[in-house]
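Data block for coords.txt (compact mmCIF, C-alpha atoms):
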# COMPACT_ATOMS: atom_id res chain seq x y z
CA MET P 1 0.00 0.00 0.00
CA GLU P 2 2.73 2.41 0.95
CA MET P 3 4.74 1.39 -2.08
CA ALA P 4 1.77 2.11 -4.32
CA LEU P 5 1.29 5.49 -2.68
CA ASP P 6 4.98 6.28 -3.21
CA ILE P 7 4.86 5.27 -6.85
CA LEU P 8 1.72 7.35 -7.44
CA SER P 9 3.27 10.29 -5.64
CA TRP P 10 6.49 10.25 -7.64
CA LEU P 11 4.55 9.72 -10.84
CA LEU P 12 2.64 12.91 -10.12
CA ILE P 13 5.84 14.77 -9.27
CA ALA P 14 7.49 13.51 -12.47
CA CYS P 15 4.52 14.68 -14.55
CA GLY P 16 4.66 18.04 -12.82
CA ALA P 17 8.37 18.42 -13.51
CA LEU P 18 7.80 17.36 -17.12
CA LEU P 19 5.06 19.97 -17.58
CA GLY P 20 7.36 22.52 -15.97
CA MET P 21 10.12 21.74 -18.44
CA VAL P 22 7.66 21.86 -21.35
CA GLY P 23 6.57 25.29 -20.16
CA GLY P 24 10.16 26.43 -19.83
CA ILE P 25 11.08 25.25 -23.32
CA GLY P 26 7.93 26.90 -24.66
CA LEU P 27 8.90 30.11 -22.92
CA ILE P 28 12.15 30.07 -24.89
CA ARG P 29 10.93 28.71 -28.21
CA LEU P 30 7.55 30.29 -28.90
CA PRO P 31 7.57 33.28 -31.26
CA ASP P 32 5.30 35.81 -29.57
CA PHE P 33 4.66 37.26 -26.14
CA TYR P 34 1.10 35.94 -26.02
CA CYS P 35 2.22 32.45 -27.03
CA ARG P 36 4.80 32.57 -24.25
CA LEU P 37 2.04 33.54 -21.86
CA HIS P 38 0.31 30.32 -22.81
CA ALA P 39 3.48 28.33 -22.17
CA ALA P 40 3.89 29.93 -18.75
CA GLY P 41 0.27 29.09 -17.94
CA VAL P 42 0.99 25.39 -18.45
CA THR P 43 3.67 25.59 -15.79
CA ASP P 44 1.69 27.71 -13.38
CA THR P 45 -1.43 25.57 -13.21
CA GLY P 46 -0.75 22.05 -14.45
CA GLY P 47 2.83 21.79 -13.29
CA ALA P 48 2.27 23.28 -9.86
CA THR P 49 -0.90 21.26 -9.22
CA LEU P 50 0.69 17.91 -10.11
CA PHE P 51 3.88 18.73 -8.25
CA LEU P 52 2.22 19.81 -5.01
CA THR P 53 -0.32 16.98 -5.12
CA GLY P 54 2.54 14.51 -5.38
CA LEU P 55 4.30 16.09 -2.41
CA MET P 56 1.04 16.00 -0.44
CA LEU P 57 0.73 12.25 -1.03
CA GLN P 58 4.31 11.89 0.15
CA SER P 59 3.81 13.71 3.42
CA GLY P 60 0.69 11.95 4.65
CA LEU P 61 -1.96 13.59 6.78
CA SER P 62 -0.11 16.30 8.68
CA LEU P 63 0.49 20.01 8.98
CA ILE P 64 2.86 19.82 6.00
CA THR P 65 -0.03 18.67 3.82
CA PHE P 66 -2.11 21.59 4.95
CA LYS P 67 0.69 24.02 4.16
CA LEU P 68 1.16 22.47 0.74
CA LEU P 69 -2.58 22.78 0.20
CA ALA P 70 -2.36 26.44 1.16
CA ILE P 71 0.49 26.98 -1.32
CA LEU P 72 -1.52 25.22 -4.02
CA PHE P 73 -4.63 27.24 -3.32
CA PHE P 74 -2.65 30.45 -3.30
CA LEU P 75 -0.87 29.64 -6.57
CA LEU P 76 -4.16 28.70 -8.21
CA VAL P 77 -5.69 32.02 -7.15
CA THR P 78 -2.81 34.35 -7.83
CA SER P 79 -1.10 33.06 -10.95
CA PRO P 80 -4.15 33.43 -13.23
CA THR P 81 -4.60 36.90 -11.74
CA ALA P 82 -1.02 37.81 -12.50
CA THR P 83 -1.30 36.32 -15.98
CA HIS P 84 -4.49 38.24 -16.65
CA ALA P 85 -2.99 41.50 -15.44
CA LEU P 86 0.09 40.88 -17.57
CA ALA P 87 -1.97 40.05 -20.66
CA SER P 88 -4.25 43.05 -20.34
CA ALA P 89 -1.32 45.39 -19.69
CA ALA P 90 0.48 43.99 -22.74
CA LEU P 91 -2.65 44.28 -24.87
CA SER P 92 -3.22 47.89 -23.88
CA ASP P 93 0.29 49.22 -24.48
CA GLY P 94 2.48 46.31 -25.46
CA PRO P 95 3.23 44.37 -28.64
CA GLU P 96 0.49 43.44 -31.10
CA PRO P 97 -0.61 39.79 -31.00
CA LEU P 98 0.79 37.64 -33.77
CA LEU P 99 -2.19 36.74 -35.95
CA ASP P 100 -2.46 34.70 -39.10
CA GLY P 101 -3.27 36.38 -42.43
CA SER P 102 -7.09 36.33 -42.48
CA ARG P 103 -7.54 37.44 -38.87
CA ALA P 104 -4.94 40.14 -39.32
CA LYS P 105 -6.82 41.47 -42.35
CA ARG P 106 -10.06 41.51 -40.40
CA ARG P 107 -8.40 43.47 -37.64
CA GLY P 108 -7.11 45.98 -40.14
CA GLY P 109 -3.83 44.33 -41.12
CA GLY P 110 -1.96 45.58 -38.07
CA SER P 111 0.50 42.79 -37.58
CA SER P 112 2.99 41.11 -39.83
CA ARG P 113 3.99 37.51 -39.74
CA ASN P 114 7.56 36.53 -39.08
CA MET A 1 13.27 14.76 10.54
CA ILE A 2 14.75 18.15 11.20
CA LEU A 3 18.36 17.39 10.35
CA ALA A 4 19.28 16.40 6.84
CA ALA A 5 20.80 12.97 6.52
CA SER A 6 24.39 13.15 5.34
CA ALA A 7 24.29 9.92 3.33
CA GLY A 8 21.38 8.28 1.54
CA ALA A 9 17.75 9.21 1.85
CA PRO A 10 16.59 11.32 4.78
CA ALA A 11 13.88 10.21 7.14
CA GLY A 12 10.51 9.66 5.56
CA ILE A 13 11.85 9.14 2.03
CA PRO A 14 12.32 5.56 0.77
CA ASP A 15 15.80 4.76 -0.49
CA ALA A 16 14.63 3.66 -3.91
CA MET A 17 12.88 6.94 -4.54
CA PHE A 18 15.75 9.22 -3.59
CA PRO A 19 17.60 9.32 -6.97
CA PHE A 20 14.31 9.93 -8.68
CA LEU A 21 13.71 12.87 -6.40
CA VAL A 22 17.11 14.33 -7.25
CA VAL A 23 16.32 14.00 -10.97
CA THR A 24 13.09 15.92 -10.39
CA LEU A 25 15.06 18.56 -8.53
CA ILE A 26 17.42 18.95 -11.49
CA ALA A 27 14.49 19.20 -13.93
CA SER A 28 12.97 21.92 -11.80
CA PHE A 29 16.31 23.71 -11.73
CA VAL A 30 16.63 23.57 -15.51
CA THR A 31 13.16 25.08 -15.83
CA MET A 32 14.20 27.92 -13.55
CA ALA A 33 17.23 28.51 -15.75
CA LEU A 34 15.03 28.62 -18.86
CA ALA A 35 12.70 31.13 -17.23
CA LEU A 36 15.66 33.32 -16.26
CA THR A 37 16.97 33.07 -19.81
CA ARG A 38 13.70 34.45 -21.13
CA ALA A 39 13.74 37.14 -18.46
CA SER A 40 17.18 38.27 -19.54
CA LEU A 41 16.64 37.94 -23.32
CA GLY A 42 13.06 39.08 -23.57
CA PRO A 43 12.54 41.76 -26.21
CA THR A 44 9.78 43.58 -24.34
CA THR A 45 9.28 44.43 -20.68
CA PHE A 46 6.30 42.09 -20.55
CA ASP A 47 8.47 39.15 -21.56
CA ARG A 48 10.79 39.94 -18.71
CA ILE A 49 7.96 40.18 -16.21
CA LEU A 50 6.59 36.88 -17.49
CA GLY A 51 9.96 35.21 -17.11
CA VAL A 52 10.42 36.52 -13.58
CA ASN A 53 6.88 35.47 -12.65
CA MET A 54 7.50 31.95 -13.89
CA PHE A 55 10.86 31.90 -12.15
CA GLY A 56 9.10 32.77 -8.91
CA THR A 57 6.50 30.04 -9.35
CA LYS A 58 9.19 27.48 -10.04
CA THR A 59 11.10 28.73 -7.02
CA VAL A 60 8.11 27.91 -4.84
CA LEU A 61 7.99 24.37 -6.21
CA PHE A 62 11.77 24.02 -5.98
CA ILE A 63 11.87 25.05 -2.32
CA SER A 64 9.04 22.73 -1.38
CA LEU A 65 10.85 19.89 -3.15
CA ILE A 66 14.07 20.77 -1.33
CA ALA A 67 12.14 20.52 1.92
CA PHE A 68 11.47 16.89 1.05
CA VAL A 69 14.92 16.10 -0.33
CA THR A 70 16.78 17.33 2.73
CA GLY A 71 14.11 16.31 5.22
CA ARG A 72 13.79 19.84 6.56
CA ARG A 73 10.04 20.20 6.38
CA ASP A 74 10.06 23.73 7.76
CA PHE A 75 11.22 24.96 4.35
CA ILE A 76 7.58 24.73 3.31
CA ASP A 77 6.98 27.99 5.16
CA LEU A 78 9.58 29.68 2.98
CA ALA A 79 7.80 28.38 -0.11
CA LEU A 80 4.54 29.84 1.13
CA LEU A 81 6.23 33.17 1.73
CA TYR A 82 7.74 33.13 -1.76
CA ALA A 83 4.32 32.46 -3.29
CA LEU A 84 2.95 35.57 -1.56
CA MET A 85 5.91 37.77 -2.46
CA ASN A 86 5.91 36.69 -6.09
CA PHE A 87 2.32 37.77 -6.62
CA ILE A 88 2.81 41.12 -4.92
CA GLY A 89 5.97 41.74 -6.91
CA VAL A 90 4.36 41.02 -10.27
CA ILE A 91 1.38 43.25 -9.56
CA ALA A 92 3.65 46.04 -8.35
CA VAL A 93 5.85 45.88 -11.43
CA LEU A 94 2.83 45.79 -13.72
CA ARG A 95 1.30 48.77 -12.00
CA PHE A 96 4.57 50.62 -12.31
CA SER A 97 4.94 49.76 -15.98
CA LYS A 98 1.45 51.09 -16.63
CA TYR A 99 1.40 54.26 -14.56
CA LYS A 100 5.15 54.95 -14.29
CA GLN A 101 4.78 55.35 -10.53
CA PHE A 102 3.88 53.18 -7.56
CA SER A 103 1.27 55.27 -5.80
CA ASP A 104 -1.87 56.77 -7.26
CA LEU A 105 -1.52 59.96 -5.21
CA ASP A 106 -0.25 63.27 -6.62
CA GLU A 107 -0.47 62.16 -10.22
CA GLN A 108 -0.24 65.74 -11.45
CA GLU A 109 3.04 66.56 -9.77
CA SER A 110 5.28 63.58 -10.46
CA GLN A 111 4.83 62.72 -14.09
CA GLY A 112 8.52 62.06 -14.61
CA SER A 113 9.94 58.63 -13.88
CA PRO A 114 10.97 58.26 -10.24
CA PRO A 115 14.67 57.83 -9.55
CA GLY A 116 16.24 54.57 -8.57
CA VAL A 117 13.72 52.28 -10.23
CA GLU A 118 14.38 50.65 -13.56
CA GLU A 119 11.80 49.49 -16.06
structure tokens encoding of this file:
Amino acid sequence: MEMALDILSWLLIACGALLGMVGGIGLIRLPDFYCRLHAAGVTDTGGATLFLTGLMLQSGLSLITFKLLAILFFLLVTSPTATHALASAALSDGPEPLLDGSRAKRRGGGSSRN
Amino acid sequence: MILAASAGAPAGIPDAMFPFLVVTLIASFVTMALALTRASLGPTTFDRILGVNMFGTKTVLFISLIAFVTGRRDFIDLALLYALMNFIGVIAVLRFSKYKQFSDLDEQESQGSPPGVEE
């Protein structure tokens, strides 16, 4: 039973670390600020949730679990808020979103593709 | 539980899982490095803020993982503190980048950029 719990826990942590690395690579590789925002969102929600859930399974029913739960709750509340604030600030006076040809024409042809 | 074990897995962590945990730690570290790379390269200010925000989030996860690797469970409190500070920092920087000042008082007088603060 404990072995199964350990395996499940480390599986969750491995998936969280994998999602984190995917987000990090996306943060480097993606072409546009808004695309990078998407990559960071993968890390902030999926990665953090899997990671902290795995750690919670590892620590059993204790104060540590409650603190991890508090961290998870706080991250899930604040990181979408920060992402939303960042996106709206960037949309108001930042770079134009990278759109494909037809959407760009409908918006008035503001952005170019590169 | 408080003191880190000098050799092998600390208390509460099975021996077989310990190398796996170190691999996860390294993966988390690499992600932090990638986020810092974007924060230092980033063409716009928003890219930098995004990179720093993600770096902060990964720092929270990294510290809570370190708490388990070393067996010092009180590091979780530091992770909680980092989660709070990261959010406040991002909102403050965003507010500054929008209004060019930190307070919303005396907007008529200080329209110039305040000294000592970059970006």
Which of P:Gly47, P:Gly16, P:Gly24, P:Pro80 sits closest to chain A [using all atoms listed in the file]: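 Once distances to chain A are computed over all atoms listed in the file, the minimum belongs to P:Gly24.
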Selected residue, from A:Arg72, A:Ile63, A:Tyr82, A:Ser28, that lies nearest to chain P when counting only C-alpha atoms: A:Ser28
Proximal residues of chain A relative to chain P (only C-alpha atoms; 9 Å) as an MDAnalysis selection string: chainID A and resid 12:14 17 20:21 23:25 27:28 30:35 37:38 42 44:47 49:51 53:54 57:58 60:61 64:65 68 73:74 76:77 79:81 83:84 87 90:91 94:95 97:98
Minimum-distance residue to P:Pro97, chosen among P:Cys35, P:Leu50, P:Leu76, P:Val42 (using all atoms listed in the file):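 Among P:Cys35, P:Leu50, P:Leu76, P:Val42, it is P:Cys35 that comes nearest to P:Pro97.
Note that atom CA of P:Met1 and atom CA of P:Leu57 are 12.3 Å apart.
Atom CA of A:Phe96 is positioned 15.3 Å from atom CA of A:Val52.
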Atomic distance atom CA of P:Gly60 - atom CA of P:Leu8, expressed in Å with one decimal: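 Straight-line distance from atom CA of P:Gly60 to atom CA of P:Leu8 works out to 13.0 Å.
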